[in-house]
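Below is entry-v4.cif, holding mmCIF, C-alpha atoms and all ligand atoms.
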data_run
loop_
_atom_site.group_PDB
_atom_site.id
_atom_site.type_symbol
_atom_site.label_atom_id
_atom_site.label_comp_id
_atom_site.auth_asym_id
_atom_site.auth_seq_id
_atom_site.Cartn_x
_atom_site.Cartn_y
_atom_site.Cartn_z
ATOM 1 C CA MET I 1 -27.006 -4.768 2.906
ATOM 2 C CA PRO I 2 -26.324 -1.568 1.002
ATOM 3 C CA THR I 3 -24.258 -1.392 -2.139
ATOM 4 C CA ILE I 4 -21.065 0.560 -1.630
ATOM 5 C CA ARG I 5 -19.395 1.955 -4.746
ATOM 6 C CA PHE I 6 -15.799 2.987 -5.015
ATOM 7 C CA HIS I 7 -12.875 2.832 -7.412
ATOM 8 C CA LEU I 8 -10.467 -0.004 -6.808
ATOM 9 C CA ASN I 9 -7.193 -0.041 -8.724
ATOM 10 C CA GLY I 10 -8.736 2.134 -11.410
ATOM 11 C CA ALA I 11 -11.930 0.124 -11.889
ATOM 12 C CA ALA I 12 -15.417 1.114 -10.773
ATOM 13 C CA THR I 13 -16.369 -1.375 -8.079
ATOM 14 C CA ALA I 14 -19.666 -2.057 -6.320
ATOM 15 C CA VAL I 15 -20.024 -4.439 -3.418
ATOM 16 C CA GLU I 16 -22.875 -5.259 -1.080
ATOM 17 C CA ALA I 17 -21.383 -4.927 2.342
ATOM 18 C CA ASP I 18 -22.042 -3.975 5.924
ATOM 19 C CA PRO I 19 -20.965 -0.303 5.999
ATOM 20 C CA ASP I 20 -19.110 -0.985 9.247
ATOM 21 C CA GLN I 21 -17.145 -3.966 7.887
ATOM 22 C CA ALA I 22 -13.429 -3.309 7.482
ATOM 23 C CA LEU I 23 -12.200 -2.577 3.970
ATOM 24 C CA LEU I 24 -9.436 -5.172 4.420
ATOM 25 C CA ASP I 25 -12.009 -7.927 5.028
ATOM 26 C CA VAL I 26 -13.994 -6.960 1.954
ATOM 27 C CA LEU I 27 -10.890 -6.711 -0.228
ATOM 28 C CA ARG I 28 -9.572 -10.108 0.771
ATOM 29 C CA SER I 29 -12.714 -12.185 1.273
ATOM 30 C CA ARG I 30 -15.158 -10.637 -1.176
ATOM 31 C CA LEU I 31 -13.077 -9.086 -3.943
ATOM 32 C CA GLY I 32 -10.118 -11.488 -4.077
ATOM 33 C CA VAL I 33 -7.633 -8.677 -3.561
ATOM 34 C CA THR I 34 -5.128 -10.321 -1.255
ATOM 35 C CA GLY I 35 -2.109 -8.003 -1.508
ATOM 36 C CA PRO I 36 -2.997 -6.106 1.668
ATOM 37 C CA HIS I 37 -2.325 -8.402 4.627
ATOM 38 C CA PHE I 38 -3.773 -8.665 8.119
ATOM 39 C CA GLY I 39 -1.097 -8.040 10.720
ATOM 40 C CA CYS I 40 -2.116 -6.311 13.925
ATOM 41 C CA GLY I 41 -5.668 -5.282 13.054
ATOM 42 C CA ALA I 42 -5.132 -2.087 15.010
ATOM 43 C CA ASN I 43 -3.393 0.433 12.733
ATOM 44 C CA GLU I 44 -0.026 -0.413 14.249
ATOM 45 C CA CYS I 45 1.936 -2.385 11.625
ATOM 46 C CA GLY I 46 1.151 -1.230 8.081
ATOM 47 C CA ALA I 47 0.719 -4.694 6.534
ATOM 48 C CA CYS I 48 -2.793 -3.758 5.389
ATOM 49 C CA TYR I 49 -2.046 -0.355 3.915
ATOM 50 C CA VAL I 50 -3.851 0.873 0.843
ATOM 51 C CA MET I 51 -3.491 4.213 -0.881
ATOM 52 C CA VAL I 52 -6.313 6.728 -0.874
ATOM 53 C CA GLY I 53 -5.314 9.841 -2.768
ATOM 54 C CA ASP I 54 -1.682 10.431 -1.860
ATOM 55 C CA ARG I 55 -1.863 8.832 1.577
ATOM 56 C CA ALA I 56 -1.169 5.312 2.797
ATOM 57 C CA ILE I 57 -3.839 4.307 5.274
ATOM 58 C CA SER I 58 -4.676 1.157 7.172
ATOM 59 C CA SER I 59 -7.526 -0.872 5.713
ATOM 60 C CA CYS I 60 -7.853 -3.167 8.751
ATOM 61 C CA ASP I 61 -9.738 -0.536 10.701
ATOM 62 C CA MET I 62 -11.253 1.442 7.833
ATOM 63 C CA PRO I 63 -15.019 0.933 7.612
ATOM 64 C CA MET I 64 -16.481 0.415 4.171
ATOM 65 C CA TRP I 65 -18.693 3.469 4.459
ATOM 66 C CA SER I 66 -15.605 5.671 4.584
ATOM 67 C CA VAL I 67 -14.362 4.614 1.144
ATOM 68 C CA ALA I 68 -17.606 5.241 -0.715
ATOM 69 C CA ASP I 69 -16.828 7.130 -3.932
ATOM 70 C CA LYS I 70 -13.102 7.181 -3.133
ATOM 71 C CA GLU I 71 -10.138 5.950 -5.208
ATOM 72 C CA VAL I 72 -8.439 3.044 -3.471
ATOM 73 C CA VAL I 73 -5.159 1.560 -4.729
ATOM 74 C CA THR I 74 -3.686 -1.669 -3.407
ATOM 75 C CA VAL I 75 -0.339 -3.181 -4.305
ATOM 76 C CA GLU I 76 -2.098 -4.990 -7.179
ATOM 77 C CA GLY I 77 -2.852 -1.574 -8.680
ATOM 78 C CA LEU I 78 0.730 -0.339 -8.721
ATOM 79 C CA GLY I 79 1.928 -2.485 -11.598
ATOM 80 C CA SER I 80 1.708 -5.896 -13.173
ATOM 81 C CA GLU I 81 4.142 -8.725 -13.724
ATOM 82 C CA GLY I 82 4.720 -7.526 -17.284
ATOM 83 C CA GLN I 83 4.756 -3.850 -16.364
ATOM 84 C CA PRO I 84 5.971 -3.501 -12.813
ATOM 85 C CA HIS I 85 5.934 -0.153 -11.043
ATOM 86 C CA PRO I 86 9.465 1.275 -10.739
ATOM 87 C CA LEU I 87 9.201 0.663 -7.003
ATOM 88 C CA GLN I 88 8.503 -3.013 -7.589
ATOM 89 C CA SER I 89 11.474 -3.276 -9.972
ATOM 90 C CA ALA I 90 13.710 -1.430 -7.519
ATOM 91 C CA PHE I 91 12.677 -3.692 -4.627
ATOM 92 C CA ILE I 92 13.711 -6.671 -6.745
ATOM 93 C CA ALA I 93 16.962 -5.010 -7.848
ATOM 94 C CA GLU I 94 17.901 -4.166 -4.256
ATOM 95 C CA GLN I 95 16.669 -7.544 -2.972
ATOM 96 C CA ALA I 96 14.560 -5.599 -0.509
ATOM 97 C CA MET I 97 11.852 -8.222 -0.084
ATOM 98 C CA GLN I 98 12.397 -10.841 2.542
ATOM 99 C CA CYS I 99 9.391 -12.812 3.820
ATOM 100 C CA GLY I 100 7.141 -10.506 1.860
ATOM 101 C CA TYR I 101 4.330 -10.313 4.375
ATOM 102 C CA CYS I 102 4.704 -6.614 5.081
ATOM 103 C CA VAL I 103 6.060 -5.551 1.703
ATOM 104 C CA SER I 104 2.755 -4.742 0.046
ATOM 105 C CA GLY I 105 2.090 -2.150 2.743
ATOM 106 C CA ILE I 106 5.610 -0.789 2.436
ATOM 107 C CA LEU I 107 5.261 -0.440 -1.336
ATOM 108 C CA ILE I 108 2.027 1.458 -0.771
ATOM 109 C CA SER I 109 3.671 3.817 1.736
ATOM 110 C CA ALA I 110 6.513 4.381 -0.724
ATOM 111 C CA ALA I 111 4.165 4.962 -3.663
ATOM 112 C CA ALA I 112 2.159 7.461 -1.640
ATOM 113 C CA LEU I 113 5.370 9.245 -0.670
ATOM 114 C CA LEU I 114 6.511 9.485 -4.300
ATOM 115 C CA ARG I 115 3.112 10.884 -5.261
ATOM 116 C CA ARG I 116 3.498 13.638 -2.674
ATOM 117 C CA ASN I 117 7.224 14.094 -3.116
ATOM 118 C CA PRO I 118 8.871 12.640 -6.248
ATOM 119 C CA SER I 119 12.407 13.430 -5.035
ATOM 120 C CA PRO I 120 12.533 12.519 -1.361
ATOM 121 C CA THR I 121 15.662 12.613 0.741
ATOM 122 C CA GLU I 122 16.776 9.491 2.582
ATOM 123 C CA THR I 123 15.441 11.037 5.790
ATOM 124 C CA GLU I 124 12.065 11.616 4.168
ATOM 125 C CA VAL I 125 11.950 8.017 2.925
ATOM 126 C CA ARG I 126 12.773 6.731 6.398
ATOM 127 C CA ALA I 127 10.061 8.938 7.896
ATOM 128 C CA ALA I 128 7.500 7.769 5.326
ATOM 129 C CA LEU I 129 8.234 4.092 6.062
ATOM 130 C CA ASP I 130 8.411 4.582 9.805
ATOM 131 C CA ARG I 131 4.892 3.275 10.448
ATOM 132 C CA ASN I 132 5.538 0.047 8.494
ATOM 133 C CA LEU I 133 6.872 -2.696 10.729
ATOM 134 C CA CYS I 134 9.052 -5.426 9.255
ATOM 135 C CA ARG I 135 10.843 -8.044 11.293
ATOM 136 C CA CYS I 136 13.164 -9.189 8.509
ATOM 137 C CA GLY I 137 15.705 -6.419 8.958
ATOM 138 C CA ALA I 138 15.474 -5.317 5.339
ATOM 139 C CA HIS I 139 14.823 -1.664 6.080
ATOM 140 C CA ASN I 140 18.075 -0.316 4.662
ATOM 141 C CA ARG I 141 17.546 -2.211 1.424
ATOM 142 C CA MET I 142 13.994 -0.897 1.231
ATOM 143 C CA VAL I 143 15.154 2.687 1.685
ATOM 144 C CA ARG I 144 17.747 2.194 -1.067
ATOM 145 C CA ALA I 145 15.047 0.732 -3.314
ATOM 146 C CA VAL I 146 12.729 3.700 -2.809
ATOM 147 C CA LEU I 147 15.542 6.140 -3.579
ATOM 148 C CA ARG I 148 16.484 4.101 -6.672
ATOM 149 C CA ALA I 149 12.881 4.142 -7.893
ATOM 150 C CA ALA I 150 12.603 7.887 -7.310
ATOM 151 C CA SER I 151 15.707 8.571 -9.358
ATOM 152 C CA GLU I 152 14.585 6.219 -12.139
ATOM 153 C CA MET I 153 11.169 7.882 -12.235
ATOM 154 C CA ALA I 154 12.837 11.306 -12.438
ATOM 155 C CA ALA I 155 15.091 10.257 -15.336
ATOM 156 C CA PRO I 156 14.023 11.701 -18.714
HETATM 157 S S1 LIG I 201 -3.099 -4.948 10.004
HETATM 158 FE FE1 LIG I 201 -3.679 -2.920 9.639
HETATM 159 S S2 LIG I 201 -2.099 -1.702 10.499
HETATM 160 FE FE2 LIG I 201 -1.624 -3.752 11.077
HETATM 161 S S1 LIG I 202 9.396 -8.540 4.601
HETATM 162 FE FE1 LIG I 202 8.443 -7.618 6.291
HETATM 163 S S2 LIG I 202 8.361 -8.961 7.946
HETATM 164 FE FE2 LIG I 202 9.464 -9.846 6.283
#
Reformat the file's structure so that it appears as structure tokens.
Ligand code: FES
Ligand code: FES
Amino acid sequence: MPTIRFHLNGAATAVEADPDQALLDVLRSRLGVTGPHFGCGANECGACYVMVGDRAISSCDMPMWSVADKEVVTVEGLGSEGQPHPLQSAFIAEQAMQCGYCVSGILISAAALLRRNPSPTETEVRAALDRNLCRCGAHNRMVRAVLRAASEMAAP
């Protein structure tokens, strides 16, 4: 199998993989990166989202060949326990996490939004999270958390 090289959460990464294998499979089963979750497997739910550039994209249907030489960020790359990303802190402050299954994908969608647009309106936040399904009913808290993080990140 060929070696596929890419950057994962800021680190140069090389993995021998079938070029057609889904990135999500390789992340979880080969690289121990388990933040992105398998939900629908069909680009319908957002549980598997990773960030490439300033876009949140589904990793469940993304073949490995398509990430060669790209920068991929998963929820593990946003922050750490000691140094959480402002979004992670805001989700805790707003108690926006419920079961947690879909939250890694939601954090990725929110982080990608803030990269593109550091001061989004509530409507823009809702639009950015629209593709992320969550059955816990925490959407309003999540929107508040994203807006809180944006204003904290904008503070001098
Ligand atoms: S598991 Fe990838 S979008 Fe649902
Ligand atoms: S936090 Fe998303 S389904 Fe529960």
Quick one: residues within 10 Å of range 82-85 of chain I, all atoms listed in the file, excluding same-chain residues fewer than 4 positions away - as a tab-separated table (two decimals) with C-alpha atoms, in the frame of the given file?
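Listed below is the output, result-v3.tsv:
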chain	number	residue	atom	x	y	z
I	75	VAL	CA	-0.34	-3.18	-4.30
I	76	GLU	CA	-2.10	-4.99	-7.18
I	77	GLY	CA	-2.85	-1.57	-8.68
I	78	LEU	CA	0.73	-0.34	-8.72
I	89	SER	CA	11.47	-3.28	-9.97
I	90	ALA	CA	13.71	-1.43	-7.52
I	91	PHE	CA	12.68	-3.69	-4.63
I	107	LEU	CA	5.26	-0.44	-1.34
I	111	ALA	CA	4.16	4.96	-3.66
I	149	ALA	CA	12.88	4.14	-7.89
I	153	MET	CA	11.17	7.88	-12.24
Report the residues retrieved by the PyMOL selection byres (((chain I and resi 100) around 12) and not hetatm) from the displayed file, expressed as number ranges by chain.
I: 35-37, 47, 91-92, 95-99, 101-107, 133-138, 142
Nearest residue to Cys40 in chain I out of I:Ala93, I:Asn132, I:Ser66, I:Pro120, using all atoms listed in the file?
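Checking each of I:Ala93, I:Asn132, I:Ser66, I:Pro120 against Cys40 in chain I, counting all atoms listed in the file, the winner is I:Asn132.
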When distances are computed from all atoms listed in the file, which of I:Glu94, I:Gly41, I:Asn140, I:Arg55 shows the smallest separation from Ala128 in chain I?
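Nearest to Ala128 in chain I: I:Arg55.
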All residues 12 Å or closer to Leu27 in chain I, only C-alpha atoms, same chain fewer than 6 positions away omitted, as a ChimeraX atom specification
/I:6,8-9,13-15,17,21,33-38,48-50,59-60,62-64,67,72-76
Counting all atoms listed in the file, the option among I:His139, I:Arg126, I:Arg131, I:His7 closest to ligand LIG 202 (chain I)
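That would be I:His139, the residue with the smallest distance to ligand LIG 202 (chain I).
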Local residues around (14.7, 9.7, -12.2), at most 12 Å away, using only C-alpha atoms, as an NGL selection string
:I and (86-87 or 114 or 118-120 or 146-156)
Padding of 4 Å on every side, edges along x, y and z, all listed atoms of ligand LIG 201 (chain I) included: what centre and edge lengths in Å, to one decimal, does that box have, as AutoDock Vina command-line options?
--center_x -2.7 --center_y -3.3 --center_z 10.4 --size_x 10.1 --size_y 11.2 --size_z 9.4
CA of Ile108 in chain I and CA of Pro19 in chain I, how far apart in Å?
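Separation between CA of Pro19 in chain I and CA of Ile108 in chain I: 24.0 Å.
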Between CA of Glu44 in chain I and CA of Thr121 in chain I, what distance in Å does the model show, to one decimal?
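According to the coordinates, CA of Glu44 in chain I and CA of Thr121 in chain I are separated by 24.5 Å.
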Could you check the closest approach to Leu23 in chain I for each of I:Arg115, I:Trp65, I:Asn43, I:Val125 and tell me which residue wins, using only C-alpha atoms?
I:Trp65
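Between Val143 in chain I and the candidates I:Asp25, I:Asp61, I:Asp54, I:Asp130, the tightest atom-to-atom separation, counting only C-alpha atoms, involves I:Asp130.
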Quick one: distance from CA of Ala110 in chain I to CA of Leu129 in chain I in Å, one decimal?
7.0 Å
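The shortest atom-to-atom distance to ligand LIG 202 (chain I), with all atoms listed in the file taken into account, belongs to I:Arg141 out of I:Gly10, I:Pro2, I:Ser80, I:Arg141.
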As a PDB file, keeping the file's coordinate frame, the rebuilt range 118-129 of chain I with all heavy atoms:
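selection_20.pdb was written with the following content:
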ATOM      1  N   PRO I 118       8.172  13.527  -5.306  1.00  0.00           N
ATOM      2  CA  PRO I 118       8.871  12.640  -6.248  1.00  0.00           C
ATOM      3  C   PRO I 118      10.375  12.537  -6.010  1.00  0.00           C
ATOM      4  O   PRO I 118      11.000  11.614  -6.511  1.00  0.00           O
ATOM      5  CB  PRO I 118       8.592  13.281  -7.611  1.00  0.00           C
ATOM      6  CG  PRO I 118       7.457  14.213  -7.396  1.00  0.00           C
ATOM      7  CD  PRO I 118       7.523  14.652  -5.979  1.00  0.00           C
ATOM      8  N   SER I 119      10.959  13.471  -5.278  1.00  0.00           N
ATOM      9  CA  SER I 119      12.407  13.430  -5.035  1.00  0.00           C
ATOM     10  C   SER I 119      12.699  13.492  -3.538  1.00  0.00           C
ATOM     11  O   SER I 119      13.287  14.461  -3.053  1.00  0.00           O
ATOM     12  CB  SER I 119      13.105  14.596  -5.742  1.00  0.00           C
ATOM     13  OG  SER I 119      12.866  14.541  -7.127  1.00  0.00           O
ATOM     14  N   PRO I 120      12.344  12.464  -2.811  1.00  0.00           N
ATOM     15  CA  PRO I 120      12.533  12.519  -1.361  1.00  0.00           C
ATOM     16  C   PRO I 120      13.996  12.324  -0.983  1.00  0.00           C
ATOM     17  O   PRO I 120      14.768  11.688  -1.700  1.00  0.00           O
ATOM     18  CB  PRO I 120      11.692  11.347  -0.854  1.00  0.00           C
ATOM     19  CG  PRO I 120      11.703  10.369  -1.985  1.00  0.00           C
ATOM     20  CD  PRO I 120      11.731  11.197  -3.244  1.00  0.00           C
ATOM     21  N   THR I 121      14.349  12.886   0.158  1.00  0.00           N
ATOM     22  CA  THR I 121      15.662  12.613   0.741  1.00  0.00           C
ATOM     23  C   THR I 121      15.575  11.269   1.474  1.00  0.00           C
ATOM     24  O   THR I 121      14.480  10.734   1.725  1.00  0.00           O
ATOM     25  CB  THR I 121      16.042  13.694   1.760  1.00  0.00           C
ATOM     26  OG1 THR I 121      15.090  13.640   2.833  1.00  0.00           O
ATOM     27  CG2 THR I 121      16.047  15.072   1.133  1.00  0.00           C
ATOM     28  N   GLU I 122      16.769  10.749   1.828  1.00  0.00           N
ATOM     29  CA  GLU I 122      16.776   9.491   2.582  1.00  0.00           C
ATOM     30  C   GLU I 122      16.005   9.653   3.892  1.00  0.00           C
ATOM     31  O   GLU I 122      15.243   8.767   4.297  1.00  0.00           O
ATOM     32  CB  GLU I 122      18.212   9.048   2.861  1.00  0.00           C
ATOM     33  CG  GLU I 122      18.261   7.748   3.641  1.00  0.00           C
ATOM     34  CD  GLU I 122      19.670   7.223   3.841  1.00  0.00           C
ATOM     35  OE1 GLU I 122      20.545   7.519   3.022  1.00  0.00           O
ATOM     36  OE2 GLU I 122      19.870   6.512   4.836  1.00  0.00           O
ATOM     37  N   THR I 123      16.158  10.793   4.532  1.00  0.00           N
ATOM     38  CA  THR I 123      15.441  11.037   5.790  1.00  0.00           C
ATOM     39  C   THR I 123      13.939  11.017   5.565  1.00  0.00           C
ATOM     40  O   THR I 123      13.175  10.466   6.374  1.00  0.00           O
ATOM     41  CB  THR I 123      15.871  12.406   6.377  1.00  0.00           C
ATOM     42  OG1 THR I 123      17.279  12.375   6.576  1.00  0.00           O
ATOM     43  CG2 THR I 123      15.176  12.683   7.693  1.00  0.00           C
ATOM     44  N   GLU I 124      13.506  11.597   4.451  1.00  0.00           N
ATOM     45  CA  GLU I 124      12.065  11.616   4.168  1.00  0.00           C
ATOM     46  C   GLU I 124      11.549  10.216   3.862  1.00  0.00           C
ATOM     47  O   GLU I 124      10.424   9.861   4.237  1.00  0.00           O
ATOM     48  CB  GLU I 124      11.782  12.574   3.004  1.00  0.00           C
ATOM     49  CG  GLU I 124      11.937  14.038   3.409  1.00  0.00           C
ATOM     50  CD  GLU I 124      11.941  15.007   2.229  1.00  0.00           C
ATOM     51  OE1 GLU I 124      12.328  14.603   1.099  1.00  0.00           O
ATOM     52  OE2 GLU I 124      11.577  16.171   2.456  1.00  0.00           O
ATOM     53  N   VAL I 125      12.366   9.407   3.184  1.00  0.00           N
ATOM     54  CA  VAL I 125      11.950   8.017   2.925  1.00  0.00           C
ATOM     55  C   VAL I 125      11.830   7.270   4.253  1.00  0.00           C
ATOM     56  O   VAL I 125      10.834   6.570   4.504  1.00  0.00           O
ATOM     57  CB  VAL I 125      12.949   7.306   1.991  1.00  0.00           C
ATOM     58  CG1 VAL I 125      12.591   5.817   1.878  1.00  0.00           C
ATOM     59  CG2 VAL I 125      12.950   7.955   0.617  1.00  0.00           C
ATOM     60  N   ARG I 126      12.821   7.431   5.105  1.00  0.00           N
ATOM     61  CA  ARG I 126      12.773   6.731   6.398  1.00  0.00           C
ATOM     62  C   ARG I 126      11.546   7.162   7.200  1.00  0.00           C
ATOM     63  O   ARG I 126      10.877   6.333   7.823  1.00  0.00           O
ATOM     64  CB  ARG I 126      14.063   6.995   7.186  1.00  0.00           C
ATOM     65  CG  ARG I 126      15.263   6.294   6.597  1.00  0.00           C
ATOM     66  CD  ARG I 126      16.530   6.449   7.423  1.00  0.00           C
ATOM     67  NE  ARG I 126      17.639   5.776   6.766  1.00  0.00           N
ATOM     68  CZ  ARG I 126      17.849   4.459   6.826  1.00  0.00           C
ATOM     69  NH1 ARG I 126      17.057   3.701   7.546  1.00  0.00           N
ATOM     70  NH2 ARG I 126      18.857   3.907   6.166  1.00  0.00           N
ATOM     71  N   ALA I 127      11.231   8.453   7.154  1.00  0.00           N
ATOM     72  CA  ALA I 127      10.061   8.938   7.896  1.00  0.00           C
ATOM     73  C   ALA I 127       8.777   8.355   7.307  1.00  0.00           C
ATOM     74  O   ALA I 127       7.860   7.962   8.045  1.00  0.00           O
ATOM     75  CB  ALA I 127      10.026  10.465   7.864  1.00  0.00           C
ATOM     76  N   ALA I 128       8.723   8.269   5.969  1.00  0.00           N
ATOM     77  CA  ALA I 128       7.500   7.769   5.326  1.00  0.00           C
ATOM     78  C   ALA I 128       7.276   6.295   5.623  1.00  0.00           C
ATOM     79  O   ALA I 128       6.128   5.832   5.666  1.00  0.00           O
ATOM     80  CB  ALA I 128       7.581   7.989   3.811  1.00  0.00           C
ATOM     81  N   LEU I 129       8.367   5.534   5.808  1.00  0.00           N
ATOM     82  CA  LEU I 129       8.234   4.092   6.062  1.00  0.00           C
ATOM     83  C   LEU I 129       8.212   3.772   7.555  1.00  0.00           C
ATOM     84  O   LEU I 129       8.120   2.600   7.935  1.00  0.00           O
ATOM     85  CB  LEU I 129       9.386   3.314   5.404  1.00  0.00           C
ATOM     86  CG  LEU I 129       9.553   3.457   3.891  1.00  0.00           C
ATOM     87  CD1 LEU I 129      10.595   2.470   3.377  1.00  0.00           C
ATOM     88  CD2 LEU I 129       8.235   3.259   3.157  1.00  0.00           C
TER      89      LEU I 129
END
